[in-house]
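Colleague: For reference, the structure I am asking about is given below.
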Amino acid sequence: MSAPRPAHSAQDLVPLEERLRYFWMFRLAAVATVPVFAWMVSSQLLVSGWLLTGVTAGYLAVSLGLHLVWRAAGRRLLRLFVGVLILDALYLAFVAYAAGNSLSPMRYLAVVHLVVVALLASYRTGLRLALWHSVLAFAVYFARDSEVLGAAPLSGSGDEYRSLLGFVVLFWLITLATVTFSAINERELRRRRYDLEALAGFSDAVESAQDPDAVAEALVEHLAEAFGIERLLVLAGPREILSPLATRGRVGRPASVYVDAPGSAVRRAMDARRTVLTEGVDPLEDPWLSKALPQPGNLLIAPLTSEARSLGVVVLEHSLRPGSRVERRVVTIIERFVAHASLALENAFLMEQLRRSASTDGLTGIANRRSFDITLDRYLARAVASFEPVSLVLLDIDHFKLLNDEHGHQTGDDVLRQVAALLVEHARAIDVPARYGGEEFAVVLPECELPEATVVAERLREAIATADLPVSITVSAGVATFPTHGATSESLIRATDTALYRAKDEGRNRIAVATAPLPAPDLPVQRPTGGGTVPA
């Protein structure tokens, strides 16, 4: 089981605590810079050094207090964060006023503050803060001009006002440039995070997939959701033969297809084990693909590979206009999806192979004895519930030991394989042929009465007797039906086996039908009074 992934808010591109540390680094740097600037322009200061020191100490104390409240709050309060930013702007406006000159370097602390906020918070917060700084700058100017702040009035030449306007224009140019690049970076980071979260969600989905079809369906669903892809096709199989596992959109579902044409785009992707981008499909090289994707546009063909083996391909049509190029980021993340799907498909194929090996006979490829027992029990349980018959045919190759002695065990194995193939070919579609053991075979016939089962058994016997095999053989067969000849799997097998040996005793190369078991004999009942016994 995979470990649970931590939950993050949409804003947590960088941990919040780390961003707060950077904000405090800026505040400390600003406070340390103010005395230096104050000493450099001491003759122009409009306030005393003691007042500037007191305001700075109060600013630090209130900022620290709000920060402690922030950390102690059970939930992170956005208003506290905004309040601290407003306090920063107020303090910087006071410092700019104290400098007494619109061209003083102390005014540019507001520019640094804005850049820090735009990069560490968000570009939207940066824009709002830029407006707040501008309002404060003009408020301080008009308050000073009207002698509200107690300082000497400004000269009427307008130089100070023009300097302020120039500073504000420069301030907004820097603001717009900073927030533009911040927005681009933020959008790219969010997009990459979304891609990684989509990939993580797909990885979780394929962890529970038990078969190749489920893996392919999960791949199609998550690719379509993550990239808005409307048409998708997933194929897998041996090197030249691919079969569709999943599709999406207006896609024809082809049968097994051959991709052996040297100019095939699918073949190129599989051979090079690299993603192929192409506009449209060549109907001569990929005729099946042109039929599966009518009027194709821009196609991306990504190979499904595992180690040195090719598993198949993923063909998708991206929605860009003809002639445009898909982003490299999109190609890269799609390749990551496909790489995860390749590993999951390889595991699913291996699991499917293990399940098939556990239920099939290694020599003949049909159901083995264990699978036969499970199938017969399941059909009999269903027959009890639905009151339907189930018949059983047991077949034994006549004189098989003599065949091995005269022609060798290799020929005997070939005969067993071909007999199994004949049973599959000539049995009904719902019947289950199995290798019962040695040279014996069994066929479970669900929903089959005894007369029909006898016809099926005779057809199987005749098909084997007339088949073009390396060595001519015949089989003997026994037939029995549930519940007439047995109410359990053990009794039904016993009745069928008895009929089989009767067919052998009667001359082989024939079938025999099981006889219904005789009713239990009446037992004598002892009367409590009188002499002798009477039938019950």
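If you're wondering about the labels, chains in the structure tokens are A, B, ... by order shown, residues count from 1 in each chain, ligands from 1 in order shown.
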Just the residues within 12 Å of A:Tyr108, please, counting only C-alpha atoms, with nothing from its chain fewer than 3 positions along; format it as a list in words.

Modeller: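 Using only C-alpha atoms, the neighbours found are Ala30, Thr33, Val34, Phe37, Ala89, Leu92, Ala93, Val95, Ala96, Ala99, Asn101, Ser102, Leu103, Ser104, Pro105, Val111, Val112, His113, Leu114, Val115, His133, Ala137, Phe167, Val168, Leu170, Phe171 and Ile174 of chain A.
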
Colleague: Extract the full set of strand (DSSP E or B) residues from stretch 47-254 of chain A according to DSSP on the backbone, and format it as number ranges by chain.

Modeller: A: 231-236, 241-248

Colleague: Which is closer to A:Leu380 than all the others in A:Leu316, A:Leu445, A:Ala477, A:Leu165, using only C-alpha atoms?

Modeller: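 Closest candidate: A:Leu445.
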
Colleague: Quick one: everything within 9 Å of A:Glu458, counting only C-alpha atoms, minus sequence neighbours fewer than 5 positions away in the same chain. Send it as a PyMOL selection string.

Modeller: chain A and resi 453+463+477+510-511

Colleague: For C-alpha atoms, I'd like the residues from the last selection saved as an mmCIF file, in the first residue's frame.

Modeller:
```cif
data_model
loop_
_atom_site.group_PDB
_atom_site.id
_atom_site.type_symbol
_atom_site.label_atom_id
_atom_site.label_comp_id
_atom_site.auth_asym_id
_atom_site.auth_seq_id
_atom_site.Cartn_x
_atom_site.Cartn_y
_atom_site.Cartn_z
ATOM 1 C CA ALA A 453 -24.797 -34.731 -24.681
ATOM 2 C CA ALA A 463 -13.947 -35.969 -35.383
ATOM 3 C CA ALA A 477 -16.230 -42.063 -24.279
ATOM 4 C CA ARG A 510 -17.578 -45.979 -29.119
ATOM 5 C CA ILE A 511 -19.558 -44.106 -26.505
#
```

Colleague: Using only C-alpha atoms, which protein or nucleic acid residues come within 12 Å of A:Leu403? Drop anything in the same chain fewer than 6 positions from it, and give the result as a PyMOL selection string.

Modeller: chain A and resi 397+409-416+439+470-474

Colleague: Write the residues of the selection above to a file with N, CA and C atoms, as a short mmCIF file (atom, residue, chain, number, x, y, z; two decimals), in the first residue's frame.

Modeller:
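Result saved to again.cif:
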```cif
data_model
loop_
_atom_site.label_atom_id
_atom_site.label_comp_id
_atom_site.auth_asym_id
_atom_site.auth_seq_id
_atom_site.Cartn_x
_atom_site.Cartn_y
_atom_site.Cartn_z
N ILE A 397 -8.08 -42.08 -24.93
CA ILE A 397 -7.48 -42.51 -26.20
C ILE A 397 -7.21 -44.01 -26.12
N HIS A 409 7.34 -40.98 -27.22
CA HIS A 409 6.55 -40.07 -26.40
C HIS A 409 6.36 -38.70 -27.06
N GLN A 410 7.30 -38.31 -27.93
CA GLN A 410 7.12 -37.03 -28.62
C GLN A 410 5.89 -37.07 -29.51
N THR A 411 5.72 -38.18 -30.23
CA THR A 411 4.52 -38.34 -31.05
C THR A 411 3.28 -38.40 -30.18
N GLY A 412 3.41 -39.07 -29.03
CA GLY A 412 2.28 -39.13 -28.10
C GLY A 412 1.87 -37.75 -27.62
N ASP A 413 2.86 -36.90 -27.34
CA ASP A 413 2.54 -35.53 -26.93
C ASP A 413 1.86 -34.75 -28.05
N ASP A 414 2.33 -34.95 -29.29
CA ASP A 414 1.69 -34.29 -30.43
C ASP A 414 0.24 -34.73 -30.57
N VAL A 415 -0.02 -36.01 -30.37
CA VAL A 415 -1.39 -36.53 -30.46
C VAL A 415 -2.27 -35.91 -29.36
N LEU A 416 -1.74 -35.80 -28.16
CA LEU A 416 -2.52 -35.19 -27.07
C LEU A 416 -2.87 -33.74 -27.39
N GLU A 439 -3.93 -39.78 -20.75
CA GLU A 439 -4.55 -39.72 -22.07
C GLU A 439 -6.06 -39.53 -21.98
N PRO A 470 -0.86 -37.52 -37.15
CA PRO A 470 0.35 -38.29 -37.49
C PRO A 470 0.14 -39.78 -37.32
N VAL A 471 -0.67 -40.15 -36.35
CA VAL A 471 -0.99 -41.56 -36.11
C VAL A 471 -2.50 -41.65 -35.95
N SER A 472 -3.13 -42.56 -36.68
CA SER A 472 -4.58 -42.72 -36.58
C SER A 472 -4.93 -43.27 -35.20
N ILE A 473 -5.90 -42.64 -34.56
CA ILE A 473 -6.31 -43.07 -33.24
C ILE A 473 -7.82 -43.07 -33.14
N THR A 474 -8.31 -43.72 -32.10
CA THR A 474 -9.73 -43.67 -31.76
C THR A 474 -9.84 -43.40 -30.26
#
```

Colleague: Which residues come within 12 Å of A:Leu131, counting only C-alpha atoms, excluding same-chain residues fewer than 4 positions away, as a list in words?

Modeller: Ile86, Ala89, Ala110, Leu114, Arg124, Thr125, Gly126, Leu127, Val135, Leu136, Ala137, Phe138, Val168, Val169, Phe171, Trp172, Thr175 and Leu176 of chain A

Colleague: Mind writing the picked residues with all heavy atoms as a CSV table (one decimal), in the first residue's frame?

Modeller:
```
chain,number,residue,atom,x,y,z
A,86,ILE,N,0.1,45.6,5.1
A,86,ILE,CA,-0.3,47.0,5.2
A,86,ILE,C,0.6,47.7,6.1
A,86,ILE,O,0.9,48.9,5.9
A,86,ILE,CB,-1.8,47.0,5.6
A,86,ILE,CG1,-2.7,46.4,4.5
A,86,ILE,CG2,-2.2,48.4,6.0
A,86,ILE,CD1,-4.1,46.3,4.9
A,89,ALA,N,3.8,48.7,4.5
A,89,ALA,CA,3.7,49.8,3.6
A,89,ALA,C,3.6,51.1,4.4
A,89,ALA,O,4.1,52.2,4.0
A,89,ALA,CB,2.4,49.6,2.7
A,110,ALA,N,10.2,50.8,-0.9
A,110,ALA,CA,8.9,50.4,-1.3
A,110,ALA,C,8.9,49.6,-2.5
A,110,ALA,O,8.2,48.6,-2.7
A,110,ALA,CB,8.0,51.7,-1.5
A,114,LEU,N,7.7,45.7,-2.8
A,114,LEU,CA,6.8,45.2,-3.8
A,114,LEU,C,7.3,44.0,-4.5
A,114,LEU,O,6.6,43.0,-4.7
A,114,LEU,CB,6.5,46.3,-4.8
A,114,LEU,CG,5.6,45.9,-6.0
A,114,LEU,CD1,4.2,45.7,-5.6
A,114,LEU,CD2,5.7,46.9,-7.1
A,124,ARG,N,-1.2,38.9,-7.7
A,124,ARG,CA,-2.4,39.7,-7.4
A,124,ARG,C,-2.2,40.5,-6.1
A,124,ARG,O,-2.5,41.7,-6.1
A,124,ARG,CB,-3.6,38.7,-7.2
A,124,ARG,CG,-3.9,37.9,-8.4
A,124,ARG,CD,-5.1,37.0,-8.1
A,124,ARG,NE,-5.4,36.1,-9.2
A,124,ARG,CZ,-4.9,34.9,-9.5
A,124,ARG,NH1,-3.9,34.5,-8.6
A,124,ARG,NH2,-5.2,34.2,-10.5
A,125,THR,N,-1.5,39.9,-5.1
A,125,THR,CA,-1.2,40.7,-3.9
A,125,THR,C,-0.3,41.8,-4.2
A,125,THR,O,-0.3,42.9,-3.7
A,125,THR,CB,-0.6,39.7,-2.9
A,125,THR,OG1,-1.5,38.6,-2.6
A,125,THR,CG2,-0.4,40.4,-1.6
A,126,GLY,N,0.7,41.5,-5.2
A,126,GLY,CA,1.6,42.6,-5.5
A,126,GLY,C,0.9,43.8,-6.2
A,126,GLY,O,1.3,44.9,-5.9
A,127,LEU,N,-0.1,43.5,-7.0
A,127,LEU,CA,-0.8,44.6,-7.6
A,127,LEU,C,-1.6,45.4,-6.6
A,127,LEU,O,-1.6,46.7,-6.6
A,127,LEU,CB,-1.8,44.1,-8.7
A,127,LEU,CG,-1.1,43.6,-10.0
A,127,LEU,CD1,-2.2,42.9,-10.9
A,127,LEU,CD2,-0.5,44.8,-10.8
A,135,VAL,N,-1.2,55.1,-3.2
A,135,VAL,CA,-2.1,56.0,-2.4
A,135,VAL,C,-1.4,56.6,-1.2
A,135,VAL,O,-1.5,57.8,-1.0
A,135,VAL,CB,-3.3,55.1,-1.9
A,135,VAL,CG1,-4.1,55.9,-0.9
A,135,VAL,CG2,-4.1,54.7,-3.1
A,136,LEU,N,-0.5,55.8,-0.5
A,136,LEU,CA,0.2,56.4,0.6
A,136,LEU,C,1.2,57.5,0.2
A,136,LEU,O,1.3,58.5,0.8
A,136,LEU,CB,1.0,55.3,1.3
A,136,LEU,CG,0.1,54.3,2.1
A,136,LEU,CD1,1.0,53.2,2.7
A,136,LEU,CD2,-0.6,55.0,3.2
A,137,ALA,N,1.8,57.3,-1.0
A,137,ALA,CA,2.8,58.3,-1.5
A,137,ALA,C,2.1,59.6,-1.7
A,137,ALA,O,2.6,60.7,-1.3
A,137,ALA,CB,3.5,57.8,-2.7
A,138,PHE,N,0.9,59.6,-2.4
A,138,PHE,CA,0.2,60.8,-2.7
A,138,PHE,C,-0.4,61.4,-1.4
A,138,PHE,O,-0.5,62.6,-1.2
A,138,PHE,CB,-0.9,60.6,-3.7
A,138,PHE,CG,-0.4,60.5,-5.1
A,138,PHE,CD1,-0.3,59.3,-5.8
A,138,PHE,CD2,0.0,61.7,-5.8
A,138,PHE,CE1,0.2,59.2,-7.1
A,138,PHE,CE2,0.5,61.6,-7.1
A,138,PHE,CZ,0.6,60.4,-7.8
A,168,VAL,N,6.3,57.4,-9.1
A,168,VAL,CA,5.2,56.6,-9.2
A,168,VAL,C,5.1,55.8,-10.5
A,168,VAL,O,4.8,54.6,-10.6
A,168,VAL,CB,3.9,57.3,-8.9
A,168,VAL,CG1,2.7,56.5,-9.2
A,168,VAL,CG2,3.9,57.8,-7.4
A,169,VAL,N,5.4,56.6,-11.6
A,169,VAL,CA,5.4,55.9,-12.9
A,169,VAL,C,6.5,54.8,-12.9
A,169,VAL,O,6.2,53.7,-13.4
A,169,VAL,CB,5.7,57.0,-14.0
A,169,VAL,CG1,6.0,56.3,-15.4
A,169,VAL,CG2,4.5,57.9,-14.1
A,171,PHE,N,7.7,53.3,-10.4
A,171,PHE,CA,7.2,52.3,-9.5
A,171,PHE,C,6.3,51.3,-10.2
A,171,PHE,O,6.4,50.1,-10.0
A,171,PHE,CB,6.6,53.0,-8.3
A,171,PHE,CG,6.0,52.1,-7.2
A,171,PHE,CD1,6.9,51.5,-6.3
A,171,PHE,CD2,4.7,51.8,-7.2
A,171,PHE,CE1,6.4,50.6,-5.3
A,171,PHE,CE2,4.2,50.9,-6.2
A,171,PHE,CZ,5.0,50.4,-5.3
A,172,TRP,N,5.3,51.9,-10.9
A,172,TRP,CA,4.3,51.0,-11.6
A,172,TRP,C,5.0,50.2,-12.8
A,172,TRP,O,4.5,49.1,-13.1
A,172,TRP,CB,3.2,51.8,-12.1
A,172,TRP,CG,2.1,52.0,-11.0
A,172,TRP,CD1,2.0,53.0,-10.1
A,172,TRP,CD2,1.2,51.0,-10.7
A,172,TRP,NE1,1.0,52.7,-9.2
A,172,TRP,CE2,0.4,51.5,-9.5
A,172,TRP,CE3,0.8,49.7,-11.2
A,172,TRP,CZ2,-0.6,50.8,-9.0
A,172,TRP,CZ3,-0.2,49.0,-10.6
A,172,TRP,CH2,-0.9,49.5,-9.5
A,175,THR,N,6.5,47.4,-11.1
A,175,THR,CA,5.4,46.6,-10.6
A,175,THR,C,4.9,45.7,-11.7
A,175,THR,O,4.7,44.5,-11.6
A,175,THR,CB,4.2,47.4,-10.1
A,175,THR,OG1,4.7,48.2,-8.9
A,175,THR,CG2,3.1,46.6,-9.7
A,176,LEU,N,4.5,46.3,-12.9
A,176,LEU,CA,3.9,45.5,-14.0
A,176,LEU,C,4.9,44.5,-14.5
A,176,LEU,O,4.5,43.3,-14.8
A,176,LEU,CB,3.5,46.5,-15.1
A,176,LEU,CG,2.3,47.4,-14.7
A,176,LEU,CD1,2.1,48.4,-15.9
A,176,LEU,CD2,1.1,46.6,-14.4
```

Colleague: Check the smallest atom-to-atom distance from each of A:Val84, A:Gln418, A:Phe400, A:Val390 to A:Thr484 using only C-alpha atoms, then report the winner.

Modeller: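 The closest residue to A:Thr484 is A:Val390.
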
Colleague: Residues of stretch 202-267 of chain A classed as helix (DSSP H, G or I) by DSSP on the backbone are to be reported as a PyMOL selection string.

Modeller: chain A and resi 202-207+212-227+265-267

Colleague: What would the file look like if the residues just selected were written as a CSV table (one decimal), in the first residue's frame with N, CA and C atoms?

Modeller:
```csv
chain,number,residue,atom,x,y,z
A,202,PHE,N,-2.9,8.9,-11.5
A,202,PHE,CA,-2.9,7.7,-12.4
A,202,PHE,C,-2.2,6.5,-11.8
A,203,SER,N,-1.0,6.8,-11.1
A,203,SER,CA,-0.3,5.7,-10.5
A,203,SER,C,-1.1,5.0,-9.4
A,204,ASP,N,-1.9,5.8,-8.7
A,204,ASP,CA,-2.8,5.2,-7.7
A,204,ASP,C,-3.8,4.3,-8.3
A,205,ALA,N,-4.3,4.8,-9.5
A,205,ALA,CA,-5.4,4.1,-10.2
A,205,ALA,C,-4.9,2.7,-10.7
A,206,VAL,N,-3.7,2.7,-11.3
A,206,VAL,CA,-3.2,1.5,-11.9
A,206,VAL,C,-2.7,0.5,-10.8
A,207,GLU,N,-2.5,0.9,-9.6
A,207,GLU,CA,-2.1,0.0,-8.5
A,207,GLU,C,-3.2,-1.0,-8.3
A,212,PRO,N,-4.8,-6.2,-18.0
A,212,PRO,CA,-4.4,-5.2,-19.0
A,212,PRO,C,-5.5,-4.3,-19.4
A,213,ASP,N,-6.7,-4.7,-19.6
A,213,ASP,CA,-7.8,-3.9,-20.0
A,213,ASP,C,-8.0,-2.8,-19.0
A,214,ALA,N,-8.0,-3.1,-17.7
A,214,ALA,CA,-8.2,-2.1,-16.6
A,214,ALA,C,-7.1,-1.1,-16.7
A,215,VAL,N,-5.8,-1.5,-16.9
A,215,VAL,CA,-4.7,-0.5,-17.0
A,215,VAL,C,-4.9,0.4,-18.1
A,216,ALA,N,-5.3,-0.1,-19.3
A,216,ALA,CA,-5.5,0.7,-20.5
A,216,ALA,C,-6.6,1.7,-20.3
A,217,GLU,N,-7.7,1.2,-19.7
A,217,GLU,CA,-8.9,2.1,-19.4
A,217,GLU,C,-8.4,3.3,-18.5
A,218,ALA,N,-7.7,2.9,-17.4
A,218,ALA,CA,-7.2,4.0,-16.5
A,218,ALA,C,-6.3,5.0,-17.2
A,219,LEU,N,-5.4,4.5,-18.1
A,219,LEU,CA,-4.6,5.4,-18.9
A,219,LEU,C,-5.4,6.3,-19.8
A,220,VAL,N,-6.3,5.8,-20.5
A,220,VAL,CA,-7.2,6.6,-21.4
A,220,VAL,C,-7.9,7.7,-20.6
A,221,GLU,N,-8.5,7.3,-19.4
A,221,GLU,CA,-9.3,8.2,-18.6
A,221,GLU,C,-8.5,9.3,-18.1
A,222,HIS,N,-7.3,9.0,-17.5
A,222,HIS,CA,-6.5,10.0,-16.9
A,222,HIS,C,-5.8,10.9,-18.0
A,223,LEU,N,-5.4,10.4,-19.1
A,223,LEU,CA,-4.8,11.3,-20.1
A,223,LEU,C,-5.9,12.2,-20.7
A,224,ALA,N,-7.1,11.7,-20.9
A,224,ALA,CA,-8.1,12.6,-21.4
A,224,ALA,C,-8.5,13.7,-20.4
A,225,GLU,N,-8.5,13.3,-19.1
A,225,GLU,CA,-8.8,14.3,-18.1
A,225,GLU,C,-7.7,15.4,-18.0
A,226,ALA,N,-6.5,14.9,-18.0
A,226,ALA,CA,-5.3,15.8,-17.7
A,226,ALA,C,-5.1,16.8,-18.9
A,227,PHE,N,-5.3,16.3,-20.1
A,227,PHE,CA,-4.9,17.1,-21.3
A,227,PHE,C,-6.0,17.4,-22.2
A,265,ALA,N,4.1,4.7,-39.1
A,265,ALA,CA,4.4,5.6,-38.0
A,265,ALA,C,4.4,4.8,-36.7
A,266,VAL,N,3.5,3.9,-36.5
A,266,VAL,CA,3.5,3.1,-35.3
A,266,VAL,C,4.7,2.2,-35.3
A,267,ARG,N,5.1,1.6,-36.4
A,267,ARG,CA,6.3,0.8,-36.4
A,267,ARG,C,7.5,1.6,-36.1
```
